[in-house]
Structure formats: C-alpha cells, structure tokens
Amino acid sequence: MSAENKIIFGPINSRRFGRSLGVDLSPSNKQCNFDCLYCELAPAATVDIQAQSIPVSKIIEELKKHLDDKMDVITLTANGEPTLYPYLDELIDEIDKIKNATQTLILTNSATLVDPKIFASLMKLDQVKLSLDAVSPEVFKKIDRPHTNIDINAIVTKVIEFGKVYKGKLFIEILFVYELNDTKEEVKKLSDVLMQLNATRIDLGTIDRPPAYPVMGISYKELHELAQLFDKSLPIHIASRTHAEPNNAEYSEEEILNTLDKRPLTQEDIDLLFDTESKKRFFTLIKDGKITTKSVGNLEFYLPSENIQRKRKK
Ligand code: SF4
C-alpha cells in the first residue's frame, strides 16, 4: 500500500472519543520528537521537523472519500507526533471547510505547545488531547526520552496556559510505567499542575501493547490506587483495560458511597472492582436515588447524588 493510501484509517469506534476517522500525518515512517519507552511503534531517533510530509491537498482529497455525517471526530494523529506536520495550520483550516458537524481532534505529546504558531493552531480545534506523563525533569527524560533542548518546565507552563484559554474539549492523558512515574510524589506534582487548568477529562492509562523498550505497565488495582491520589475535584478516568484483572472485592453500601465520593467510576470500573454482592448493593443504591450519573466527555460516571453539584474547591 502506498503511503498516501494509508493517510486515512478507521472509522474506529473509540470509547473515549466516539466514532472516529483517523488522519495519519506521517504514514510512511515514525517521525517524533520523543522516543518514549512505552511507544507502541519501534524505537526511532528523535526529530524536531518532519523530513517527509504529505501535501494538504492530498490529505483533503483522501478525507473527502471517507468522511460521512455519522462521524463524531476527525482525529489528527501520526506515526509519531502530528504537530510536527509543517502545514498543520493550513490543514486545520481546510478540514474546517468540509467537516460540517464532525469535530476535529488532535492527539499530541504537548511538547510543541511551546511554539506560538502550533499553540495557535491547536486553539482552532474542537478537541485536543495532551499527553503529560511526568512533570519532574528527570522522570520526564527517562520515560519520554525527548529530542535535545525539550524542556518539561516550559511544556508544563504552556499546558497550563493552553488549559486556561482553550474553549474546546481538553483531554489530558497520563500513561503510567512501572517504577518510573508511578510514585506518590510524581502524582502529587501532576495533580498540582492539573488543578491549574480546565480539563474536560483526565485519562489515566498504562502499557496496553508491546512497548518499544523493555518496560512494564502497572496493574489495574495500582492504577486505581494512583487515581485516588489526585485531587478529588479532578475529572479522572481510568482508561486502560488490557491489564485490568477483576478485583472482585466486597464493598458495603457505605464503602461504595465513599469510593464514589473519592472518585466517580464508570460501569466498567464497577464491573472490575466490585464482587457480585457489592454490585447488587450498588444497584439498590441507584434505585434508592443515592447514586446518580454524570456525563464527562462521552463517558458516563456514577457518583453519590449529593455530590452532583460539587464544584472545584480551588
Ligand atoms: S510521543 Fe507517541 S509516537 Fe512519539 S515516541 Fe512517544 S508514544 Fe511514540
């Protein structure tokens, strides 16, 4: 298959983003400013510009062939980092002309937000997903192995600024790697940063597919424990499922309400965490009106009814 034929992929029914048509802005080879330990692509030397780029007209031509009005999002992604695509701004403008009600989304590692032009381009999108695996320079360098001169402090400053001014749906993704960024200290630092911006949802994940380097993910239970360490006003969601082994623990009614009070959960979380008896108690609590649901960026969460009006504390 020629590179041009691989520009568009999907549609994929993404649990997190809906029905998505993917646009690969680096279809022929990996071009990334990071070389993350957990990357599902093969290791590659980092770059800060794309050496090979597809013309905007070609992408639009391919997109027109696949776009229909049932698509929720057009997802800009890449074998690597999509914001390294040199004509990103023009591409977004051209997609806006043909997308109708379909939303635009980009999945980025956040590093190029320090470039004012790219910051401005991302502002035009309907949805943005920023990855942020660590905020400590040493942890960031170990996990994400960035290109020379990429400074996590500068990225964090721009992530916060973007999170304050951006009007679309902002998703943050944190991927946890065993014994690297899964410490209380790092989570506390991440939580402090995330409290300074308005994310629609914060997805916590771990390694789900074979990684580029020999590193390991963490268990669902550990992910759940780390989730509890974030400030409870944050819209945290555990996104990873592959490593999810059922926990099957017994929860009393009070424990169920306390757990949901600390962290609203999805049906999938509940299926994994609760044993059969606890699930029955959970349904009784729903029937009695003590538990209710709230939608956060395409997903439905259960939380105690008395918390539905809970506002951010800070
Ligand atoms: S930013 Fe994404 S594509 Fe680039 S190395 Fe990391 S995981 Fe792979």
# chains A, B, ... in the order shown; residues from 1 in each chain; ligands from 1
call {"tool": "residues_around", "arguments": {"residues": "Ala212 of chain A", "least_positions_apart": "3", "cutoff": "7 Å", "atoms": "only C-alpha atoms", "output": "list in words"}}
result
Leu37, Tyr38, Cys39, Glu40, Leu41, Ala42 and Pro43 of chain A
call {"tool": "write_last_selection", "arguments": {"atoms": "C-alpha atoms", "output": "PDB file, in the first residue's frame"}}
result
ATOM      1  CA  LEU A  37       9.947   3.819  26.428  1.00  0.00           C
ATOM      2  CA  TYR A  38       6.338   2.638  26.136  1.00  0.00           C
ATOM      3  CA  CYS A  39       5.771   3.644  22.482  1.00  0.00           C
ATOM      4  CA  GLU A  40       3.888   1.038  20.514  1.00  0.00           C
ATOM      5  CA  LEU A  41       5.952   1.956  17.437  1.00  0.00           C
ATOM      6  CA  ALA A  42       9.532   0.752  17.070  1.00  0.00           C
ATOM      7  CA  PRO A  43      12.278   2.898  18.649  1.00  0.00           C
TER       8      PRO A  43
END
call {"tool": "residues_near_ligand", "arguments": {"ligand": "ligand 1", "cutoff": "9 Å", "atoms": "only C-alpha atoms and all ligand atoms", "output": "MDAnalysis selection string"}}
result
chainID A and resid 30:44 46 78:82 107:111 131 143:146 212
call {"tool": "write_last_selection", "arguments": {"atoms": "C-alpha atoms", "output": "PDB file, in the first residue's frame"}}
result
ATOM      1  CA  LYS A  30       7.911   7.277  12.547  1.00  0.00           C
ATOM      2  CA  GLN A  31       8.732  10.972  12.936  1.00  0.00           C
ATOM      3  CA  CYS A  32       8.601  12.031  16.572  1.00  0.00           C
ATOM      4  CA  ASN A  33      10.264  14.489  18.930  1.00  0.00           C
ATOM      5  CA  PHE A  34      10.033  11.851  21.717  1.00  0.00           C
ATOM      6  CA  ASP A  35      11.227   8.259  21.816  1.00  0.00           C
ATOM      7  CA  CYS A  36       9.017   7.050  24.671  1.00  0.00           C
ATOM      8  CA  LEU A  37       9.947   3.819  26.428  1.00  0.00           C
ATOM      9  CA  TYR A  38       6.338   2.638  26.136  1.00  0.00           C
ATOM     10  CA  CYS A  39       5.771   3.644  22.482  1.00  0.00           C
ATOM     11  CA  GLU A  40       3.888   1.038  20.514  1.00  0.00           C
ATOM     12  CA  LEU A  41       5.952   1.956  17.437  1.00  0.00           C
ATOM     13  CA  ALA A  42       9.532   0.752  17.070  1.00  0.00           C
ATOM     14  CA  PRO A  43      12.278   2.898  18.649  1.00  0.00           C
ATOM     15  CA  ALA A  44      13.481   5.714  16.382  1.00  0.00           C
ATOM     16  CA  THR A  46      14.011  11.795  17.604  1.00  0.00           C
ATOM     17  CA  ALA A  78       0.667  10.234  13.236  1.00  0.00           C
ATOM     18  CA  ASN A  79       3.300   7.575  13.347  1.00  0.00           C
ATOM     19  CA  GLY A  80       4.993   9.933  15.743  1.00  0.00           C
ATOM     20  CA  GLU A  81       3.964  13.445  16.695  1.00  0.00           C
ATOM     21  CA  PRO A  82       1.256  15.022  14.475  1.00  0.00           C
ATOM     22  CA  LEU A 107      -3.577  13.598  19.887  1.00  0.00           C
ATOM     23  CA  THR A 108      -0.305  15.311  20.813  1.00  0.00           C
ATOM     24  CA  ASN A 109       2.542  14.784  23.257  1.00  0.00           C
ATOM     25  CA  SER A 110       2.289  18.519  24.197  1.00  0.00           C
ATOM     26  CA  ALA A 111       5.947  19.396  23.523  1.00  0.00           C
ATOM     27  CA  SER A 131      -0.223  13.761  26.928  1.00  0.00           C
ATOM     28  CA  ILE A 143      10.070   7.932  30.162  1.00  0.00           C
ATOM     29  CA  ASP A 144       9.614  10.164  27.140  1.00  0.00           C
ATOM     30  CA  ARG A 145      13.270  10.440  26.010  1.00  0.00           C
ATOM     31  CA  PRO A 146      12.712  13.826  24.293  1.00  0.00           C
ATOM     32  CA  ALA A 212       9.366  -0.153  22.239  1.00  0.00           C
TER      33      ALA A 212
END
call {"tool": "atom_distance", "arguments": {"atom1": "atom CA of Gln267 of chain A", "atom2": "atom CA of Ile106 of chain A"}}
result
26.8 Å
call {"tool": "closest_residue", "arguments": {"among": "A:Thr148, A:Leu113, A:Ile92, A:Pro137", "to": "Asp48 of chain A", "atoms": "only C-alpha atoms"}}
result
A:Thr148
call {"tool": "closest_residue", "arguments": {"among": "A:Asn29, A:Ser305, A:Ser57, A:Thr83", "to": "Ala45 of chain A", "atoms": "only C-alpha atoms"}}
result
A:Asn29
call {"tool": "select_by_dssp", "arguments": {"residues": "segment 59-226 of chain A", "states": "strand (DSSP E or B)", "output": "short mmCIF file (atom, residue, chain, number, x, y, z; two decimals) with C-alpha atoms, in the first residue's frame"}}
result
data_model
loop_
_atom_site.label_atom_id
_atom_site.label_comp_id
_atom_site.auth_asym_id
_atom_site.auth_seq_id
_atom_site.Cartn_x
_atom_site.Cartn_y
_atom_site.Cartn_z
CA VAL A 73 -14.50 13.17 15.18
CA ILE A 74 -11.71 13.53 12.65
CA THR A 75 -8.62 12.57 14.65
CA LEU A 76 -5.29 14.05 13.63
CA THR A 77 -2.58 11.64 14.64
CA GLY A 80 4.99 9.93 15.74
CA GLN A 103 -15.47 17.67 15.39
CA THR A 104 -11.71 17.90 14.95
CA LEU A 105 -9.38 16.28 17.48
CA ILE A 106 -5.59 16.03 17.77
CA LEU A 107 -3.58 13.60 19.89
CA THR A 108 -0.30 15.31 20.81
CA GLN A 127 -10.98 18.79 20.87
CA VAL A 128 -7.36 18.40 21.97
CA LYS A 129 -5.75 15.53 23.84
CA LEU A 130 -2.48 16.47 25.50
CA SER A 131 -0.22 13.76 26.93
CA PRO A 146 12.71 13.83 24.29
CA LYS A 169 -12.89 19.88 24.95
CA LEU A 170 -9.49 19.33 26.53
CA PHE A 171 -8.41 15.81 27.42
CA ILE A 172 -5.22 15.01 29.31
CA GLU A 173 -3.65 11.57 29.15
CA ILE A 174 -1.12 10.21 31.62
CA LEU A 175 0.46 6.85 30.92
CA PHE A 176 1.97 5.10 33.92
CA ARG A 201 -11.39 14.65 31.35
CA ILE A 202 -8.08 13.22 32.55
CA ASP A 203 -7.42 9.70 31.29
CA LEU A 204 -5.04 7.51 33.30
CA GLY A 205 -3.61 4.54 31.45
CA THR A 206 -0.76 2.10 31.44
#
call {"tool": "closest_residue", "arguments": {"among": "A:Pro211, A:Glu277, A:Pro235, A:Pro264", "to": "Ser252 of chain A", "atoms": "only C-alpha atoms"}}
result
A:Glu277
call {"tool": "residues_around", "arguments": {"residues": "segment 293-303 of chain A", "least_positions_apart": "2", "cutoff": "12 Å", "atoms": "only C-alpha atoms", "output": "MDAnalysis selection string"}}
result
chainID A and resid 13:19 72:73 127:129 168:172 199:203 232 234:239 256:270 282:283 285:286 289:291 305:310
call {"tool": "write_last_selection", "arguments": {"atoms": "C-alpha atoms", "output": "tab-separated table (two decimals), in the first residue's frame"}}
result
chain	number	residue	atom	x	y	z
A	13	ASN	CA	-15.49	3.27	17.48
A	14	SER	CA	-13.49	4.82	20.27
A	15	ARG	CA	-15.00	4.54	23.74
A	16	ARG	CA	-13.40	7.81	24.70
A	17	PHE	CA	-13.96	9.92	21.59
A	18	GLY	CA	-16.86	8.28	19.73
A	19	ARG	CA	-16.85	7.28	16.05
A	72	ASP	CA	-18.13	12.15	15.57
A	73	VAL	CA	-14.50	13.17	15.18
A	127	GLN	CA	-10.98	18.79	20.87
A	128	VAL	CA	-7.36	18.40	21.97
A	129	LYS	CA	-5.75	15.53	23.84
A	168	GLY	CA	-12.94	23.25	23.21
A	169	LYS	CA	-12.89	19.88	24.95
A	170	LEU	CA	-9.49	19.33	26.53
A	171	PHE	CA	-8.41	15.81	27.42
A	172	ILE	CA	-5.22	15.01	29.31
A	199	ALA	CA	-9.59	19.65	31.56
A	200	THR	CA	-12.81	18.02	30.35
A	201	ARG	CA	-11.39	14.65	31.35
A	202	ILE	CA	-8.08	13.22	32.55
A	203	ASP	CA	-7.42	9.70	31.29
A	232	LYS	CA	-10.75	14.60	44.09
A	234	LEU	CA	-10.30	16.47	39.06
A	235	PRO	CA	-12.27	14.59	36.33
A	236	ILE	CA	-10.08	11.48	36.50
A	237	HIS	CA	-10.93	8.43	34.39
A	238	ILE	CA	-9.06	5.12	34.30
A	239	ALA	CA	-8.69	4.47	30.60
A	256	ILE	CA	-19.48	2.06	47.84
A	257	LEU	CA	-20.62	5.62	48.53
A	258	ASN	CA	-17.21	6.54	49.97
A	259	THR	CA	-15.41	5.09	46.96
A	260	LEU	CA	-17.63	7.00	44.54
A	261	ASP	CA	-17.22	10.09	46.66
A	262	LYS	CA	-13.45	9.92	46.27
A	263	ARG	CA	-13.57	9.05	42.61
A	264	PRO	CA	-16.63	8.72	40.32
A	265	LEU	CA	-16.48	5.39	38.45
A	266	THR	CA	-17.72	4.07	35.11
A	267	GLN	CA	-19.74	0.86	34.73
A	268	GLU	CA	-16.56	-0.84	33.54
A	269	ASP	CA	-14.70	0.21	36.69
A	270	ILE	CA	-17.55	-1.14	38.79
A	282	PHE	CA	-24.69	-0.70	44.08
A	283	PHE	CA	-27.88	-1.21	42.04
A	285	LEU	CA	-28.29	2.48	45.88
A	286	ILE	CA	-29.10	3.63	42.32
A	289	GLY	CA	-31.60	7.56	44.36
A	290	LYS	CA	-28.40	7.65	46.40
A	291	ILE	CA	-26.20	7.23	43.34
A	305	SER	CA	-26.30	12.01	44.34
A	306	GLU	CA	-25.36	14.56	46.96
A	307	ASN	CA	-22.10	15.30	45.08
A	308	ILE	CA	-23.64	16.08	41.72
A	309	GLN	CA	-23.37	19.80	42.37
A	310	ARG	CA	-19.83	19.54	43.71
call {"tool": "closest_residue", "arguments": {"among": "A:Ser191, A:Asn149, A:Ser219, A:Thr112", "to": "Asp231 of chain A", "atoms": "only C-alpha atoms"}}
result
A:Ser191
call {"tool": "decode", "arguments": {"residues": "segment 192-241 of chain A", "atoms": "N, CA and C atoms", "output": "mmCIF file, in the first residue's frame"}}
result
data_model
loop_
_atom_site.group_PDB
_atom_site.id
_atom_site.type_symbol
_atom_site.label_atom_id
_atom_site.label_comp_id
_atom_site.auth_asym_id
_atom_site.auth_seq_id
_atom_site.Cartn_x
_atom_site.Cartn_y
_atom_site.Cartn_z
ATOM 1 N N ASP A 192 -1.118 18.765 41.075
ATOM 2 C CA ASP A 192 -0.999 20.219 41.290
ATOM 3 C C ASP A 192 -1.053 20.987 39.968
ATOM 4 N N VAL A 193 -0.412 20.429 38.943
ATOM 5 C CA VAL A 193 -0.443 21.080 37.623
ATOM 6 C C VAL A 193 -1.869 21.039 37.056
ATOM 7 N N LEU A 194 -2.498 19.871 37.157
ATOM 8 C CA LEU A 194 -3.827 19.701 36.550
ATOM 9 C C LEU A 194 -4.887 20.559 37.231
ATOM 10 N N MET A 195 -4.653 20.908 38.492
ATOM 11 C CA MET A 195 -5.595 21.782 39.203
ATOM 12 C C MET A 195 -5.583 23.203 38.628
ATOM 13 N N GLN A 196 -4.549 23.504 37.854
ATOM 14 C CA GLN A 196 -4.435 24.866 37.321
ATOM 15 C C GLN A 196 -5.069 25.024 35.946
ATOM 16 N N LEU A 197 -5.670 23.968 35.416
ATOM 17 C CA LEU A 197 -6.288 24.095 34.094
ATOM 18 C C LEU A 197 -7.654 23.423 34.096
ATOM 19 N N ASN A 198 -8.420 23.681 33.036
ATOM 20 C CA ASN A 198 -9.792 23.162 32.978
ATOM 21 C C ASN A 198 -9.895 21.989 32.008
ATOM 22 N N ALA A 199 -9.493 20.812 32.452
ATOM 23 C CA ALA A 199 -9.593 19.648 31.563
ATOM 24 C C ALA A 199 -11.016 19.101 31.598
ATOM 25 N N THR A 200 -11.501 18.677 30.430
ATOM 26 C CA THR A 200 -12.810 18.020 30.348
ATOM 27 C C THR A 200 -12.711 16.652 31.009
ATOM 28 N N ARG A 201 -11.584 15.975 30.780
ATOM 29 C CA ARG A 201 -11.393 14.646 31.349
ATOM 30 C C ARG A 201 -9.902 14.352 31.402
ATOM 31 N N ILE A 202 -9.485 13.612 32.423
ATOM 32 C CA ILE A 202 -8.079 13.220 32.554
ATOM 33 C C ILE A 202 -8.036 11.691 32.517
ATOM 34 N N ASP A 203 -7.455 11.153 31.466
ATOM 35 C CA ASP A 203 -7.417 9.699 31.293
ATOM 36 C C ASP A 203 -6.114 9.139 31.847
ATOM 37 N N LEU A 204 -6.225 8.182 32.766
ATOM 38 C CA LEU A 204 -5.043 7.508 33.296
ATOM 39 C C LEU A 204 -4.942 6.144 32.627
ATOM 40 N N GLY A 205 -3.776 5.837 32.114
ATOM 41 C CA GLY A 205 -3.607 4.545 31.455
ATOM 42 C C GLY A 205 -2.280 3.920 31.809
ATOM 43 N N THR A 206 -2.068 2.739 31.270
ATOM 44 C CA THR A 206 -0.760 2.102 31.436
ATOM 45 C C THR A 206 -0.454 1.371 30.142
ATOM 46 N N ILE A 207 0.618 0.607 30.124
ATOM 47 C CA ILE A 207 1.025 -0.015 28.864
ATOM 48 C C ILE A 207 0.036 -1.123 28.489
ATOM 49 N N ASP A 208 -0.571 -0.993 27.317
ATOM 50 C CA ASP A 208 -1.568 -1.955 26.854
ATOM 51 C C ASP A 208 -1.055 -2.813 25.694
ATOM 52 N N ARG A 209 0.004 -2.328 25.048
ATOM 53 C CA ARG A 209 0.501 -3.041 23.865
ATOM 54 C C ARG A 209 2.010 -3.219 23.998
ATOM 55 N N PRO A 210 2.605 -4.109 23.230
ATOM 56 C CA PRO A 210 4.051 -4.325 23.376
ATOM 57 C C PRO A 210 4.822 -3.015 23.237
ATOM 58 N N PRO A 211 5.634 -2.654 24.246
ATOM 59 C CA PRO A 211 6.346 -1.382 24.203
ATOM 60 C C PRO A 211 7.655 -1.435 23.404
ATOM 61 N N ALA A 212 8.135 -0.255 23.028
ATOM 62 C CA ALA A 212 9.366 -0.153 22.239
ATOM 63 C C ALA A 212 10.568 -0.673 23.026
ATOM 64 N N TYR A 213 10.547 -0.472 24.341
ATOM 65 C CA TYR A 213 11.681 -0.862 25.187
ATOM 66 C C TYR A 213 11.155 -1.777 26.292
ATOM 67 N N PRO A 214 12.051 -2.521 26.971
ATOM 68 C CA PRO A 214 11.567 -3.471 27.990
ATOM 69 C C PRO A 214 11.110 -2.800 29.286
ATOM 70 N N VAL A 215 9.916 -2.250 29.252
ATOM 71 C CA VAL A 215 9.322 -1.660 30.461
ATOM 72 C C VAL A 215 7.968 -2.319 30.684
ATOM 73 N N MET A 216 7.452 -2.156 31.907
ATOM 74 C CA MET A 216 6.186 -2.824 32.242
ATOM 75 C C MET A 216 5.126 -1.815 32.638
ATOM 76 N N GLY A 217 3.891 -2.196 32.431
ATOM 77 C CA GLY A 217 2.776 -1.390 32.912
ATOM 78 C C GLY A 217 2.512 -1.693 34.373
ATOM 79 N N ILE A 218 1.483 -1.069 34.936
ATOM 80 C CA ILE A 218 1.086 -1.360 36.311
ATOM 81 C C ILE A 218 -0.279 -2.044 36.261
ATOM 82 N N SER A 219 -0.690 -2.648 37.378
ATOM 83 C CA SER A 219 -1.966 -3.368 37.379
ATOM 84 C C SER A 219 -3.125 -2.376 37.470
ATOM 85 N N TYR A 220 -4.321 -2.882 37.169
ATOM 86 C CA TYR A 220 -5.499 -2.024 37.284
ATOM 87 C C TYR A 220 -5.666 -1.533 38.723
ATOM 88 N N LYS A 221 -5.370 -2.437 39.684
ATOM 89 C CA LYS A 221 -5.512 -2.078 41.096
ATOM 90 C C LYS A 221 -4.565 -0.912 41.437
ATOM 91 N N GLU A 222 -3.328 -1.007 40.940
ATOM 92 C CA GLU A 222 -2.357 0.078 41.207
ATOM 93 C C GLU A 222 -2.812 1.387 40.546
ATOM 94 N N LEU A 223 -3.366 1.242 39.343
ATOM 95 C CA LEU A 223 -3.858 2.422 38.632
ATOM 96 C C LEU A 223 -4.986 3.081 39.443
ATOM 97 N N HIS A 224 -5.857 2.231 39.971
ATOM 98 C CA HIS A 224 -6.967 2.722 40.778
ATOM 99 C C HIS A 224 -6.432 3.420 42.041
ATOM 100 N N GLU A 225 -5.395 2.841 42.645
ATOM 101 C CA GLU A 225 -4.815 3.458 43.853
ATOM 102 C C GLU A 225 -4.168 4.807 43.515
ATOM 103 N N LEU A 226 -3.476 4.857 42.372
ATOM 104 C CA LEU A 226 -2.862 6.137 41.962
ATOM 105 C C LEU A 226 -3.954 7.177 41.687
ATOM 106 N N ALA A 227 -5.065 6.710 41.099
ATOM 107 C CA ALA A 227 -6.171 7.634 40.789
ATOM 108 C C ALA A 227 -6.666 8.330 42.055
ATOM 109 N N GLN A 228 -6.634 7.596 43.174
ATOM 110 C CA GLN A 228 -7.109 8.178 44.442
ATOM 111 C C GLN A 228 -6.201 9.303 44.940
ATOM 112 N N LEU A 229 -4.961 9.327 44.452
ATOM 113 C CA LEU A 229 -4.013 10.327 44.947
ATOM 114 C C LEU A 229 -4.187 11.698 44.286
ATOM 115 N N PHE A 230 -4.897 11.734 43.171
ATOM 116 C CA PHE A 230 -5.150 13.027 42.519
ATOM 117 C C PHE A 230 -6.207 13.787 43.318
ATOM 118 N N ASP A 231 -6.180 15.093 43.221
ATOM 119 C CA ASP A 231 -7.192 15.887 43.899
ATOM 120 C C ASP A 231 -8.580 15.407 43.463
ATOM 121 N N LYS A 232 -9.494 15.253 44.457
ATOM 122 C CA LYS A 232 -10.750 14.596 44.095
ATOM 123 C C LYS A 232 -11.689 15.457 43.258
ATOM 124 N N SER A 233 -11.359 16.723 43.082
ATOM 125 C CA SER A 233 -12.203 17.545 42.200
ATOM 126 C C SER A 233 -11.835 17.354 40.725
ATOM 127 N N LEU A 234 -10.732 16.638 40.460
ATOM 128 C CA LEU A 234 -10.304 16.471 39.059
ATOM 129 C C LEU A 234 -11.125 15.384 38.359
ATOM 130 N N PRO A 235 -11.452 15.584 37.064
ATOM 131 C CA PRO A 235 -12.266 14.589 36.333
ATOM 132 C C PRO A 235 -11.427 13.400 35.854
ATOM 133 N N ILE A 236 -10.972 12.589 36.819
ATOM 134 C CA ILE A 236 -10.077 11.475 36.500
ATOM 135 C C ILE A 236 -10.858 10.282 35.961
ATOM 136 N N HIS A 237 -10.304 9.634 34.953
ATOM 137 C CA HIS A 237 -10.927 8.434 34.385
ATOM 138 C C HIS A 237 -9.824 7.405 34.121
ATOM 139 N N ILE A 238 -10.056 6.176 34.559
ATOM 140 C CA ILE A 238 -9.058 5.125 34.296
ATOM 141 C C ILE A 238 -9.350 4.553 32.917
ATOM 142 N N ALA A 239 -8.424 4.793 31.996
ATOM 143 C CA ALA A 239 -8.692 4.465 30.596
ATOM 144 C C ALA A 239 -8.184 3.085 30.200
ATOM 145 N N SER A 240 -7.223 2.565 30.928
ATOM 146 C CA SER A 240 -6.594 1.320 30.495
ATOM 147 C C SER A 240 -7.423 0.103 30.878
ATOM 148 N N ARG A 241 -7.532 -0.851 29.991
ATOM 149 C CA ARG A 241 -8.336 -2.025 30.267
ATOM 150 C C ARG A 241 -7.579 -3.347 30.118
#
